[in-house]
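For reference, run_11.tsv is printed below; it contains TSV, C-alpha atoms.
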chain	number	residue	atom	x	y	z
A	1	MET	CA	-29.20	-10.46	-77.27
A	2	PRO	CA	-27.65	-12.96	-74.81
A	3	ASP	CA	-24.69	-15.04	-75.89
A	4	LEU	CA	-25.87	-18.61	-76.29
A	5	GLN	CA	-22.36	-20.02	-76.39
A	6	GLN	CA	-21.48	-21.95	-73.23
A	7	PRO	CA	-18.29	-20.65	-71.66
A	8	ALA	CA	-15.36	-23.01	-71.75
A	9	LEU	CA	-14.52	-24.74	-68.52
A	10	PRO	CA	-11.04	-24.00	-67.20
A	11	SER	CA	-8.69	-26.79	-68.12
A	12	ALA	CA	-7.49	-28.96	-65.28
A	13	PRO	CA	-3.81	-28.83	-64.45
A	14	ALA	CA	-1.83	-31.95	-65.26
A	15	ARG	CA	-2.04	-34.44	-62.41
A	16	GLN	CA	1.14	-35.39	-60.63
A	17	ARG	CA	1.69	-39.06	-61.33
A	18	VAL	CA	1.85	-41.43	-58.37
A	19	ILE	CA	5.13	-43.29	-58.87
A	20	GLY	CA	4.11	-46.34	-56.86
A	21	LEU	CA	0.99	-46.84	-58.99
A	22	ASP	CA	2.99	-46.60	-62.21
A	23	VAL	CA	5.45	-49.19	-60.91
A	24	ALA	CA	2.55	-51.47	-59.94
A	25	ARG	CA	1.15	-51.12	-63.48
A	26	ALA	CA	4.54	-52.07	-64.89
A	27	LEU	CA	4.66	-55.17	-62.70
A	28	ALA	CA	1.15	-56.10	-63.87
A	29	LEU	CA	2.29	-55.75	-67.49
A	30	ILE	CA	5.39	-57.87	-66.88
A	31	GLY	CA	3.17	-60.45	-65.22
A	32	MET	CA	0.80	-60.56	-68.17
A	33	VAL	CA	3.65	-60.89	-70.67
A	34	SER	CA	5.09	-63.69	-68.53
A	35	ALA	CA	1.72	-65.43	-68.33
A	36	HIS	CA	1.38	-65.36	-72.12
A	37	LEU	CA	4.95	-66.13	-73.17
A	38	LEU	CA	7.01	-67.50	-70.27
A	39	ALA	CA	4.86	-69.29	-67.71
A	40	THR	CA	4.64	-73.06	-68.08
A	41	ASP	CA	4.84	-74.39	-64.52
A	42	GLY	CA	6.34	-73.74	-61.13
A	43	LEU	CA	6.57	-70.41	-59.34
A	44	VAL	CA	6.24	-68.28	-62.49
A	45	LEU	CA	2.92	-69.91	-63.34
A	46	THR	CA	1.70	-69.55	-59.75
A	47	VAL	CA	2.53	-65.84	-59.59
A	48	THR	CA	1.09	-65.04	-63.02
A	49	ASP	CA	-2.06	-67.16	-62.74
A	50	GLY	CA	-4.81	-64.53	-62.57
A	51	PHE	CA	-2.91	-62.04	-60.43
A	52	PRO	CA	-1.59	-59.65	-63.15
A	53	SER	CA	-4.97	-59.02	-64.79
A	54	GLY	CA	-6.65	-58.67	-61.40
A	55	LEU	CA	-3.97	-56.17	-60.36
A	56	PHE	CA	-4.63	-54.26	-63.57
A	57	ALA	CA	-8.34	-54.16	-62.72
A	58	VAL	CA	-7.76	-52.79	-59.21
A	59	LEU	CA	-5.39	-50.18	-60.64
A	60	ALA	CA	-8.01	-49.29	-63.26
A	61	GLY	CA	-10.37	-48.53	-60.39
A	62	VAL	CA	-7.76	-46.25	-58.84
A	63	SER	CA	-7.35	-44.52	-62.22
A	64	LEU	CA	-11.12	-44.13	-62.48
A	65	ALA	CA	-11.10	-42.27	-59.16
A	66	LEU	CA	-8.05	-40.16	-60.06
A	67	MET	CA	-9.60	-39.05	-63.34
A	68	SER	CA	-12.80	-38.11	-61.49
A	69	GLU	CA	-11.17	-36.15	-58.64
A	70	ARG	CA	-11.77	-32.68	-60.03
A	71	GLY	CA	-15.32	-33.42	-61.14
A	72	VAL	CA	-16.26	-34.92	-57.77
A	73	ARG	CA	-14.67	-32.00	-55.94
A	74	GLU	CA	-16.30	-29.22	-58.00
A	75	GLY	CA	-19.54	-30.86	-59.16
A	76	GLY	CA	-21.84	-29.30	-61.73
A	77	ALA	CA	-20.62	-28.99	-65.31
A	78	VAL	CA	-17.14	-30.18	-64.35
A	79	LEU	CA	-18.59	-33.40	-62.93
A	80	ALA	CA	-20.73	-33.90	-66.02
A	81	THR	CA	-17.70	-33.43	-68.28
A	82	SER	CA	-15.69	-35.85	-66.14
A	83	ARG	CA	-18.34	-38.53	-66.41
A	84	HIS	CA	-18.71	-37.89	-70.14
A	85	SER	CA	-14.96	-38.40	-70.62
A	86	LEU	CA	-15.10	-41.70	-68.73
A	87	LEU	CA	-17.93	-42.89	-70.99
A	88	VAL	CA	-15.93	-41.92	-74.07
A	89	ARG	CA	-12.86	-43.68	-72.68
A	90	GLY	CA	-14.88	-46.83	-72.07
A	91	LEU	CA	-16.30	-46.78	-75.59
A	92	VAL	CA	-12.82	-46.32	-77.09
A	93	LEU	CA	-11.51	-49.29	-75.08
A	94	VAL	CA	-14.37	-51.49	-76.31
A	95	LEU	CA	-13.69	-50.47	-79.93
A	96	LEU	CA	-9.96	-51.00	-79.47
A	97	HIS	CA	-10.71	-54.48	-78.15
A	98	GLN	CA	-12.53	-55.32	-81.39
A	99	VAL	CA	-9.56	-54.14	-83.45
A	100	LEU	CA	-7.07	-56.02	-81.31
A	101	ALA	CA	-9.17	-59.18	-81.53
A	102	LEU	CA	-8.19	-59.40	-85.20
A	103	VAL	CA	-4.54	-60.14	-84.32
A	104	ASN	CA	-4.63	-61.48	-80.76
A	105	GLY	CA	-4.24	-65.16	-81.66
A	106	PRO	CA	-4.73	-67.31	-78.53
A	107	ILE	CA	-4.29	-64.33	-76.16
A	108	GLN	CA	-7.51	-63.36	-74.39
A	109	VAL	CA	-7.87	-59.57	-74.64
A	110	VAL	CA	-9.12	-57.80	-71.53
A	111	LEU	CA	-9.99	-54.37	-72.97
A	112	GLU	CA	-13.69	-55.12	-73.51
A	113	ALA	CA	-14.16	-55.90	-69.81
A	114	PHE	CA	-12.36	-52.70	-68.82
A	115	GLY	CA	-14.25	-50.57	-71.33
A	116	THR	CA	-17.64	-51.94	-70.34
A	117	ALA	CA	-16.78	-51.46	-66.66
A	118	TYR	CA	-15.91	-47.80	-67.36
A	119	LEU	CA	-19.30	-47.38	-69.02
A	120	ALA	CA	-21.08	-48.97	-66.07
A	121	MET	CA	-19.09	-47.28	-63.30
A	122	ALA	CA	-18.66	-43.69	-64.56
A	123	TRP	CA	-20.83	-42.28	-61.77
A	124	MET	CA	-19.43	-44.39	-58.90
A	125	PRO	CA	-16.44	-42.16	-57.91
A	126	ARG	CA	-18.89	-39.67	-56.39
A	127	TRP	CA	-20.61	-42.28	-54.22
A	128	ARG	CA	-20.19	-42.15	-50.45
A	129	THR	CA	-17.65	-44.54	-48.96
A	130	ARG	CA	-20.28	-46.67	-47.25
A	131	THR	CA	-22.14	-46.94	-50.56
A	132	LEU	CA	-18.97	-48.18	-52.24
A	133	TRP	CA	-18.54	-50.82	-49.53
A	134	LEU	CA	-22.13	-51.95	-50.11
A	135	ALA	CA	-21.56	-52.01	-53.87
A	136	LEU	CA	-18.41	-54.10	-53.33
A	137	ALA	CA	-20.33	-56.69	-51.31
A	138	VAL	CA	-23.20	-56.82	-53.84
A	139	LEU	CA	-20.85	-57.13	-56.82
A	140	ALA	CA	-18.79	-59.87	-55.16
A	141	LEU	CA	-21.87	-61.93	-54.32
A	142	ALA	CA	-23.29	-61.32	-57.79
A	143	SER	CA	-20.00	-62.44	-59.35
A	144	GLY	CA	-19.92	-65.75	-57.49
A	145	THR	CA	-23.63	-66.35	-58.08
A	146	LEU	CA	-23.39	-65.60	-61.81
A	147	HIS	CA	-20.43	-67.97	-62.09
A	148	ALA	CA	-22.48	-70.73	-60.45
A	149	VAL	CA	-25.49	-70.06	-62.68
A	150	ILE	CA	-23.40	-70.15	-65.86
A	151	LEU	CA	-21.69	-73.44	-64.97
A	152	THR	CA	-24.91	-75.05	-63.74
A	153	PHE	CA	-27.46	-74.04	-66.38
A	154	TYR	CA	-25.22	-72.95	-69.28
A	155	PRO	CA	-27.48	-70.02	-70.23
A	156	PRO	CA	-26.59	-67.96	-73.32
A	157	VAL	CA	-24.81	-64.94	-71.87
A	158	PRO	CA	-22.70	-62.22	-73.49
A	159	THR	CA	-19.05	-63.18	-73.64
A	160	VAL	CA	-18.13	-60.18	-71.51
A	161	LEU	CA	-19.95	-61.79	-68.56
A	162	ASP	CA	-18.15	-65.11	-68.84
A	163	PHE	CA	-14.63	-66.53	-68.44
A	164	PRO	CA	-11.83	-65.43	-68.61
A	165	TYR	CA	-12.63	-61.79	-67.75
A	166	PRO	CA	-16.14	-61.82	-66.28
A	167	LEU	CA	-17.44	-58.25	-66.16
A	168	VAL	CA	-18.99	-58.43	-62.69
A	169	ALA	CA	-15.72	-59.72	-61.21
A	170	TRP	CA	-13.77	-56.95	-62.94
A	171	MET	CA	-16.22	-54.36	-61.63
A	172	THR	CA	-15.61	-55.83	-58.17
A	173	TYR	CA	-11.85	-55.34	-58.54
A	174	MET	CA	-12.34	-51.81	-59.83
A	175	THR	CA	-14.58	-50.98	-56.87
A	176	VAL	CA	-11.70	-52.11	-54.65
A	177	GLY	CA	-9.57	-49.63	-56.61
A	178	LEU	CA	-12.03	-46.82	-55.85
A	179	LEU	CA	-11.70	-47.62	-52.15
A	180	VAL	CA	-7.91	-47.82	-52.42
A	181	HIS	CA	-7.86	-44.30	-53.82
A	182	ARG	CA	-10.14	-43.01	-51.09
A	183	LEU	CA	-8.75	-44.80	-48.02
A	184	LEU	CA	-5.23	-45.97	-48.79
A	185	LEU	CA	-3.46	-43.89	-51.40
A	186	HIS	CA	-2.17	-41.12	-49.13
A	187	SER	CA	-1.73	-43.05	-45.88
A	188	PRO	CA	1.57	-44.97	-45.48
A	189	TRP	CA	0.40	-46.23	-42.09
A	190	ARG	CA	-2.69	-47.83	-43.61
A	191	GLN	CA	-0.61	-49.20	-46.46
A	192	ALA	CA	1.74	-50.95	-44.00
A	193	ARG	CA	-1.13	-52.34	-41.93
A	194	LEU	CA	-2.98	-53.61	-45.00
A	195	LEU	CA	0.21	-55.17	-46.37
A	196	ALA	CA	0.61	-57.18	-43.17
A	197	LEU	CA	-2.94	-58.50	-43.65
A	198	SER	CA	-3.17	-58.94	-47.43
A	199	ALA	CA	0.10	-60.82	-47.95
A	200	PRO	CA	-0.80	-63.86	-45.81
A	201	VAL	CA	-4.35	-63.87	-47.19
A	202	ALA	CA	-2.94	-63.96	-50.73
A	203	ALA	CA	-0.54	-66.77	-49.77
A	204	VAL	CA	-3.28	-68.89	-48.22
A	205	GLY	CA	-5.60	-68.22	-51.14
A	206	THR	CA	-2.90	-69.27	-53.58
A	207	LEU	CA	-2.44	-72.57	-51.71
A	208	VAL	CA	-6.20	-73.16	-51.88
A	209	ARG	CA	-6.13	-72.34	-55.60
A	210	GLU	CA	-3.23	-74.77	-56.18
A	211	HIS	CA	-5.04	-77.50	-54.26
A	212	ALA	CA	-8.19	-76.93	-56.34
A	213	ALA	CA	-6.15	-77.13	-59.54
A	214	LEU	CA	-4.64	-80.48	-58.51
A	215	SER	CA	-7.95	-82.04	-57.48
A	216	VAL	CA	-10.56	-83.23	-59.94
A	217	PRO	CA	-13.95	-82.06	-58.63
A	218	PRO	CA	-17.18	-83.64	-59.92
A	219	LEU	CA	-19.08	-81.82	-62.59
A	220	PRO	CA	-21.74	-79.43	-61.23
A	221	GLU	CA	-24.59	-81.52	-62.66
A	222	GLU	CA	-23.07	-84.63	-61.07
A	223	GLU	CA	-22.60	-83.14	-57.61
A	224	GLY	CA	-25.88	-81.22	-57.56
A	225	GLY	CA	-27.65	-79.82	-54.56
A	226	ALA	CA	-26.67	-76.96	-52.30
A	227	SER	CA	-23.10	-78.22	-51.86
A	228	GLY	CA	-22.41	-78.13	-55.59
A	229	THR	CA	-23.87	-74.64	-55.93
A	230	LEU	CA	-21.90	-73.37	-52.92
A	231	ARG	CA	-18.69	-74.85	-54.34
A	232	LEU	CA	-19.19	-72.90	-57.54
A	233	VAL	CA	-20.05	-69.66	-55.75
A	234	LEU	CA	-16.83	-70.01	-53.71
A	235	ASP	CA	-14.74	-71.26	-56.65
A	236	PRO	CA	-11.02	-70.47	-56.06
A	237	VAL	CA	-9.97	-71.04	-59.70
A	238	SER	CA	-8.35	-67.97	-61.21
A	239	HIS	CA	-10.50	-65.85	-63.57
A	240	SER	CA	-13.63	-67.65	-62.38
A	241	GLY	CA	-15.10	-64.78	-60.37
A	242	GLY	CA	-15.84	-67.10	-57.45
A	243	LEU	CA	-15.64	-65.55	-54.00
A	244	VAL	CA	-12.38	-67.27	-53.02
A	245	ASP	CA	-10.87	-66.25	-56.35
A	246	LEU	CA	-11.95	-62.64	-55.75
A	247	VAL	CA	-10.49	-62.58	-52.24
A	248	THR	CA	-7.22	-64.21	-53.32
A	249	THR	CA	-6.69	-61.99	-56.35
A	250	THR	CA	-7.69	-58.85	-54.45
A	251	ALA	CA	-5.31	-59.69	-51.61
A	252	GLY	CA	-2.46	-60.28	-54.06
A	253	SER	CA	-3.22	-57.01	-55.85
A	254	LEU	CA	-3.34	-55.03	-52.60
A	255	THR	CA	-0.04	-56.59	-51.52
A	256	VAL	CA	1.69	-55.39	-54.69
A	257	ILE	CA	0.08	-51.95	-54.55
A	258	CYS	CA	0.97	-51.40	-50.88
A	259	LEU	CA	4.56	-52.52	-51.47
A	260	CYS	CA	4.94	-50.22	-54.46
A	261	LEU	CA	3.40	-47.24	-52.67
A	262	LEU	CA	5.70	-47.77	-49.68
A	263	LEU	CA	8.91	-48.45	-51.62
A	264	PHE	CA	8.52	-46.03	-54.53
A	265	ARG	CA	7.55	-42.77	-52.90
A	266	ARG	CA	10.08	-40.60	-54.74
A	267	GLN	CA	11.53	-40.54	-58.23
A	268	ALA	CA	14.78	-42.49	-58.63
A	269	TRP	CA	16.85	-43.22	-61.70
A	270	TRP	CA	16.76	-46.97	-61.12
A	271	SER	CA	12.95	-47.06	-60.93
A	272	PHE	CA	12.34	-44.68	-63.83
A	273	PRO	CA	12.08	-47.44	-66.50
A	274	LEU	CA	9.36	-49.17	-64.49
A	275	GLN	CA	7.55	-45.89	-63.92
A	276	ALA	CA	7.78	-45.01	-67.62
A	277	MET	CA	6.47	-48.43	-68.61
A	278	GLY	CA	3.56	-48.16	-66.19
A	279	SER	CA	2.66	-44.68	-67.40
A	280	MET	CA	2.20	-46.08	-70.93
A	281	SER	CA	0.37	-49.26	-69.95
A	282	LEU	CA	-2.21	-49.13	-72.76
A	283	THR	CA	0.45	-48.64	-75.43
A	284	VAL	CA	2.61	-51.44	-74.00
A	285	TYR	CA	-0.31	-53.85	-73.65
A	286	VAL	CA	-1.59	-53.29	-77.19
A	287	ALA	CA	1.93	-53.60	-78.63
A	288	HIS	CA	2.45	-56.85	-76.73
A	289	VAL	CA	-0.79	-58.44	-77.91
A	290	ALA	CA	-0.31	-57.24	-81.50
A	291	SER	CA	3.23	-58.62	-81.64
A	292	ALA	CA	2.81	-61.87	-79.69
A	293	GLY	CA	-0.64	-62.90	-80.94
A	294	PRO	CA	0.32	-63.67	-84.56
A	295	VAL	CA	3.48	-65.53	-83.47
A	296	MET	CA	1.55	-67.69	-81.01
A	297	GLU	CA	-1.15	-68.39	-83.58
A	298	ARG	CA	1.38	-69.75	-86.09
A	299	SER	CA	2.99	-72.14	-83.60
A	300	ALA	CA	1.95	-74.20	-80.61
A	301	LEU	CA	4.98	-74.01	-78.36
A	302	PRO	CA	4.48	-74.23	-74.58
A	303	SER	CA	6.48	-71.03	-74.09
A	304	TYR	CA	8.30	-68.34	-76.06
A	305	PRO	CA	11.24	-67.30	-73.87
A	306	LEU	CA	13.09	-65.27	-76.50
A	307	LEU	CA	10.00	-63.29	-77.47
A	308	GLY	CA	8.96	-62.96	-73.83
A	309	TRP	CA	12.24	-61.49	-72.57
A	310	ALA	CA	12.58	-59.29	-75.67
A	311	THR	CA	9.08	-57.94	-75.05
A	312	ILE	CA	9.86	-57.13	-71.41
A	313	LEU	CA	13.16	-55.43	-72.26
A	314	LEU	CA	11.61	-53.36	-75.06
A	315	ALA	CA	8.67	-52.49	-72.81
A	316	LEU	CA	11.16	-51.04	-70.35
A	317	LEU	CA	13.45	-49.37	-72.87
A	318	VAL	CA	11.06	-47.73	-75.35
A	319	PRO	CA	8.79	-46.00	-72.80
A	320	THR	CA	11.89	-44.77	-70.96
A	321	LEU	CA	13.15	-43.11	-74.13
A	322	LEU	CA	9.70	-41.70	-74.91
A	323	ARG	CA	9.29	-40.25	-71.41
A	324	LEU	CA	12.51	-38.27	-71.86
A	325	HIS	CA	10.65	-36.14	-74.43
A	326	TRP	CA	6.90	-36.73	-73.95
A	327	ARG	CA	4.63	-37.10	-70.95
A	328	ARG	CA	2.41	-39.79	-72.48
A	329	GLY	CA	2.65	-42.78	-74.75
A	330	PRO	CA	1.11	-42.76	-78.25
A	331	LEU	CA	-2.16	-44.46	-77.34
A	332	GLU	CA	-2.45	-42.53	-74.07
A	333	GLU	CA	-2.10	-39.26	-75.99
A	334	LEU	CA	-4.61	-40.43	-78.60
A	335	MET	CA	-7.06	-41.34	-75.83
A	336	ARG	CA	-6.60	-37.91	-74.21
A	337	ARG	CA	-7.26	-36.09	-77.49
A	338	LEU	CA	-10.32	-38.17	-78.31
A	339	THR	CA	-11.88	-37.61	-74.90
A	340	ARG	CA	-11.14	-33.87	-75.03
A	341	LEU	CA	-12.61	-33.63	-78.51
A	342	ALA	CA	-15.76	-35.50	-77.51
A	343	THR	CA	-16.27	-33.60	-74.23
A	344	ASN	CA	-15.36	-30.09	-75.38
A	345	PRO	CA	-17.97	-27.80	-73.74
A	346	SER	CA	-16.95	-24.69	-75.68
A	347	LEU	CA	-18.17	-25.74	-79.13
A	348	PRO	CA	-20.45	-23.04	-80.59
A	349	PRO	CA	-24.09	-23.78	-81.45
A	350	ARG	CA	-24.81	-24.94	-84.97
A	351	SER	CA	-28.08	-24.84	-86.87
A	352	PHE	CA	-29.04	-26.83	-89.95
A	353	GLN	CA	-31.48	-25.51	-92.53
A	354	HIS	CA	-33.35	-28.26	-94.28
A	355	ARG	CA	-34.10	-27.50	-97.89
Would you mind giving the structure from this file in structure tokens?
Amino acid sequence: MPDLQQPALPSAPARQRVIGLDVARALALIGMVSAHLLATDGLVLTVTDGFPSGLFAVLAGVSLALMSERGVREGGAVLATSRHSLLVRGLVLVLLHQVLALVNGPIQVVLEAFGTAYLAMAWMPRWRTRTLWLALAVLALASGTLHAVILTFYPPVPTVLDFPYPLVAWMTYMTVGLLVHRLLLHSPWRQARLLALSAPVAAVGTLVREHAALSVPPLPEEEGGASGTLRLVLDPVSHSGGLVDLVTTTAGSLTVICLCLLLFRRQAWWSFPLQAMGSMSLTVYVAHVASAGPVMERSALPSYPLLGWATILLALLVPTLLRLHWRRGPLEELMRRLTRLATNPSLPPRSFQHR
């Protein structure tokens, strides 16, 4: 009688971490902590206004591609398991968002947008490059259009589609991350060329964003017509999902990623704390929100410098100590075990007899 048990797939070897990406994640975390606890005005506010979360989204797209590499390369059951694990990861992030929302205070939690994007994009790493470019254009236009529709007609939409982390915009950033993995990750020459282009684009976009913040535009219903609609589609305001916002945030993210990939090519003792922090980004982010949210909810101070600097120092120190003994942070290890448990292809068949 044939054995009905499906043979276990060979386990994938541990991926070698890309140091530059981990450092970029650490900088995104520091930027988010600064935006929540330190930024009030000036250069700090300019640098942390929308850029850290956008950088996180682009890096999430790179991670999506990295986690799918083996499945895309081998296809078949391995690809199916890879996609299944991404779906489980997305679901866990959405559930974790709901838990974190109980203690986040005034901090807007981004995990629901990331989790939903994982659910929607699990099959995209296998797409052809030209298809990804087409998807990027469609998503960007859809993001700006949806932003204009929401601010013009105020339709009832799910919160995940609206400010401050509109899903379509975050899917756009993650699609950029998929292309970064495919076209940029292993090419220093392309990284240098893109850096020379993205840095001035980010600078100009930031000036446009600052100008928009200082001006007082008419309300959409007051301006009306095609000009008002076009202004909303192109909206440069951070977190809006307008086309200028997408270009500015993407350019800033690519600038940081290219710099980190070029400067942090090899392990060094002085960069290890940043790498350790970036390798435990989920743990650090959840710890930050869970610790800062209740404090910010109890008071209404413009900034929390003591808590902010303490958070950054601990976020560098604790992951460094953990990485001396373990490869992953607590939540990263929990996520790995949950996805392995849910996608285990070697479970034996089970029958239930109804009595």
For Arg70 (chain A), work out the shell of residues within 8 Å, counting all atoms listed in the file and skipping chain neighbours fewer than 2 positions away, then give it as a PDB file with C-alpha atoms, keeping the file's coordinate frame.
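Heads up, here's the output in result.pdb:
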ATOM      1  CA  ALA A  12      -7.490 -28.960 -65.280  1.00  0.00           C
ATOM      2  CA  MET A  67      -9.600 -39.050 -63.340  1.00  0.00           C
ATOM      3  CA  SER A  68     -12.800 -38.110 -61.490  1.00  0.00           C
ATOM      4  CA  VAL A  72     -16.260 -34.920 -57.770  1.00  0.00           C
ATOM      5  CA  ARG A  73     -14.670 -32.000 -55.940  1.00  0.00           C
ATOM      6  CA  GLU A  74     -16.300 -29.220 -58.000  1.00  0.00           C
ATOM      7  CA  VAL A  78     -17.140 -30.180 -64.350  1.00  0.00           C
ATOM      8  CA  LEU A  79     -18.590 -33.400 -62.930  1.00  0.00           C
ATOM      9  CA  SER A  82     -15.690 -35.850 -66.140  1.00  0.00           C
TER      10      SER A  82
END
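Here CA of Ala203 (chain A) and CA of Gly42 (chain A) stand 15.0 Å from one another.
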- Measuring atom to atom with all atoms listed in the file, identify which of A:Val99, A:Met296, A:Asp49, A:Tyr173 is nearest to Val237 (chain A). A:Asp49
- Message: From (2.2, -54.2, -48.7), in the file's coordinates, out to 12 Å: which residues are reached, counting only C-alpha atoms? Answer as number ranges by chain.
- Response: A: 20, 24, 184, 188-202, 251-264
- Note on the structure: Students should find that CA of Val168 (chain A) and CA of Pro155 (chain A) are spaced 16.2 Å
- Please provide the set of residues having any atom within 7 Å of Leu282 (chain A), restricted to all atoms listed in the file, with same-chain residues fewer than 2 positions apart removed, written as a list in words. Met280, Val284, Tyr285, Val286, Leu331 and Glu332 of chain A
- Tell me which protein, DNA and RNA residues are within 8 Å of Leu100 (chain A), counting all atoms listed in the file, leaving out same-chain ones fewer than 3 positions away, and put them as a PyMOL selection string. chain A and resi 96-97+103-104+109+286+289-290
Centre, x/y/z edge lengths, axis-aligned box for region 101-106 of chain A with 5 Å per side, as JSON:
{"center_x": -6.7, "center_y": -63.2, "center_z": -81.9, "size_x": 14.9, "size_y": 18.1, "size_z": 16.7}
- Task: Rounded to one decimal place, report the CA of Leu102 (chain A)-CA of Leu338 (chain A) distance in Å.
- Result: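 Separating CA of Leu102 (chain A) from CA of Leu338 (chain A) is a distance of 22.4 Å.
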At most 12 Å is the cut-off: for each residue in region 83-161 of chain A with any atom that close to an atom of region 342-352 of chain A, write down the nearest atom pair and the distance in Å rounded to one decimal, counting all atoms listed in the file, chain first then increasing number, as JSON lines.
{"residue": "A:Arg83", "atom": "CA", "partner": "A:Thr343", "partner_atom": "CA", "distance": 9.5}
{"residue": "A:His84", "atom": "CA", "partner": "A:Thr343", "partner_atom": "CA", "distance": 6.4}
{"residue": "A:Ser85", "atom": "CA", "partner": "A:Thr343", "partner_atom": "CA", "distance": 6.1}
{"residue": "A:Leu86", "atom": "CA", "partner": "A:Thr343", "partner_atom": "CA", "distance": 9.9}
{"residue": "A:Leu87", "atom": "CA", "partner": "A:Thr343", "partner_atom": "CA", "distance": 10.0}
{"residue": "A:Val88", "atom": "CA", "partner": "A:Ala342", "partner_atom": "CA", "distance": 7.3}
{"residue": "A:Arg89", "atom": "CA", "partner": "A:Ala342", "partner_atom": "CA", "distance": 9.9}
{"residue": "A:Leu91", "atom": "CA", "partner": "A:Ala342", "partner_atom": "CA", "distance": 11.5}
{"residue": "A:Val92", "atom": "CA", "partner": "A:Ala342", "partner_atom": "CA", "distance": 11.2}
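Of the listed residues (A:Leu111, A:Leu274, A:Val295, A:Val160), A:Leu274 comes nearest to Leu314 (chain A); the distances count only C-alpha atoms.
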- Please write as a list in words the list of polymer residues whose atoms come within 10 Å of (6.5, -66.1, -69.2), counting only C-alpha atoms and keeping to the coordinates of the file.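 Applying the cut-off with only C-alpha atoms, one gets Ile30, Gly31, Met32, Val33, Ser34, Ala35, His36, Leu37, Leu38, Ala39, Thr40, Asp41, Val44, Leu45, Thr48, Pro302, Ser303, Tyr304, Pro305, Leu306, Leu307, Gly308, Trp309 and Ile312 of chain A.
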- Tell me, as a list in words, which residues lie within 10 Å of Gly278 (chain A), counting all atoms listed in the file; anything in the same chain fewer than 5 positions away does not count. Ile19, Gly20, Leu21, Asp22, Val23, Ala24, Arg25, Ala26, Leu27, Ala28, Leu29, Ile30, Phe272, Pro273, Thr283, Val284, Ala315, Leu316 and Pro319 of chain A
- Message: Here is a test: counting all atoms listed in the file, which residue of A:Gly61, A:Ser53, A:Gly329, A:Arg126 is nearest to Gly75 (chain A)?
- Response: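 Among the listed residues, A:Arg126 lies closest to Gly75 (chain A).
Counting all atoms listed in the file, the residue from A:Val62, A:Leu317, A:Met174, A:Val47 that sits nearest to Gly115 (chain A) is A:Met174.
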Model the absent atoms of region 126-138 of chain A so that N, CA and C atoms are present, and write the result as a compact mmCIF listing (two decimals), keeping the file's coordinate frame.
# COMPACT_ATOMS: atom_id res chain seq x y z
N ARG A 126 -18.27 -40.67 -57.25
CA ARG A 126 -18.89 -39.67 -56.39
C ARG A 126 -19.67 -40.31 -55.23
N TRP A 127 -19.85 -41.62 -55.27
CA TRP A 127 -20.61 -42.28 -54.22
C TRP A 127 -19.93 -42.14 -52.86
N ARG A 128 -20.74 -42.16 -51.80
CA ARG A 128 -20.19 -42.15 -50.45
C ARG A 128 -19.41 -43.45 -50.19
N THR A 129 -18.49 -43.38 -49.25
CA THR A 129 -17.65 -44.54 -48.96
C THR A 129 -18.47 -45.75 -48.54
N ARG A 130 -19.46 -45.54 -47.70
CA ARG A 130 -20.28 -46.67 -47.25
C ARG A 130 -21.07 -47.27 -48.41
N THR A 131 -21.45 -46.42 -49.38
CA THR A 131 -22.14 -46.94 -50.56
C THR A 131 -21.20 -47.79 -51.41
N LEU A 132 -19.95 -47.38 -51.50
CA LEU A 132 -18.97 -48.18 -52.24
C LEU A 132 -18.74 -49.53 -51.56
N TRP A 133 -18.69 -49.54 -50.24
CA TRP A 133 -18.54 -50.82 -49.53
C TRP A 133 -19.73 -51.73 -49.81
N LEU A 134 -20.93 -51.16 -49.80
CA LEU A 134 -22.13 -51.95 -50.11
C LEU A 134 -22.08 -52.46 -51.54
N ALA A 135 -21.67 -51.59 -52.47
CA ALA A 135 -21.56 -52.01 -53.87
C ALA A 135 -20.54 -53.13 -54.02
N LEU A 136 -19.44 -53.05 -53.27
CA LEU A 136 -18.41 -54.10 -53.33
C LEU A 136 -18.99 -55.44 -52.90
N ALA A 137 -19.74 -55.44 -51.80
CA ALA A 137 -20.33 -56.69 -51.31
C ALA A 137 -21.35 -57.25 -52.32
N VAL A 138 -22.19 -56.37 -52.87
CA VAL A 138 -23.20 -56.82 -53.84
C VAL A 138 -22.54 -57.38 -55.10
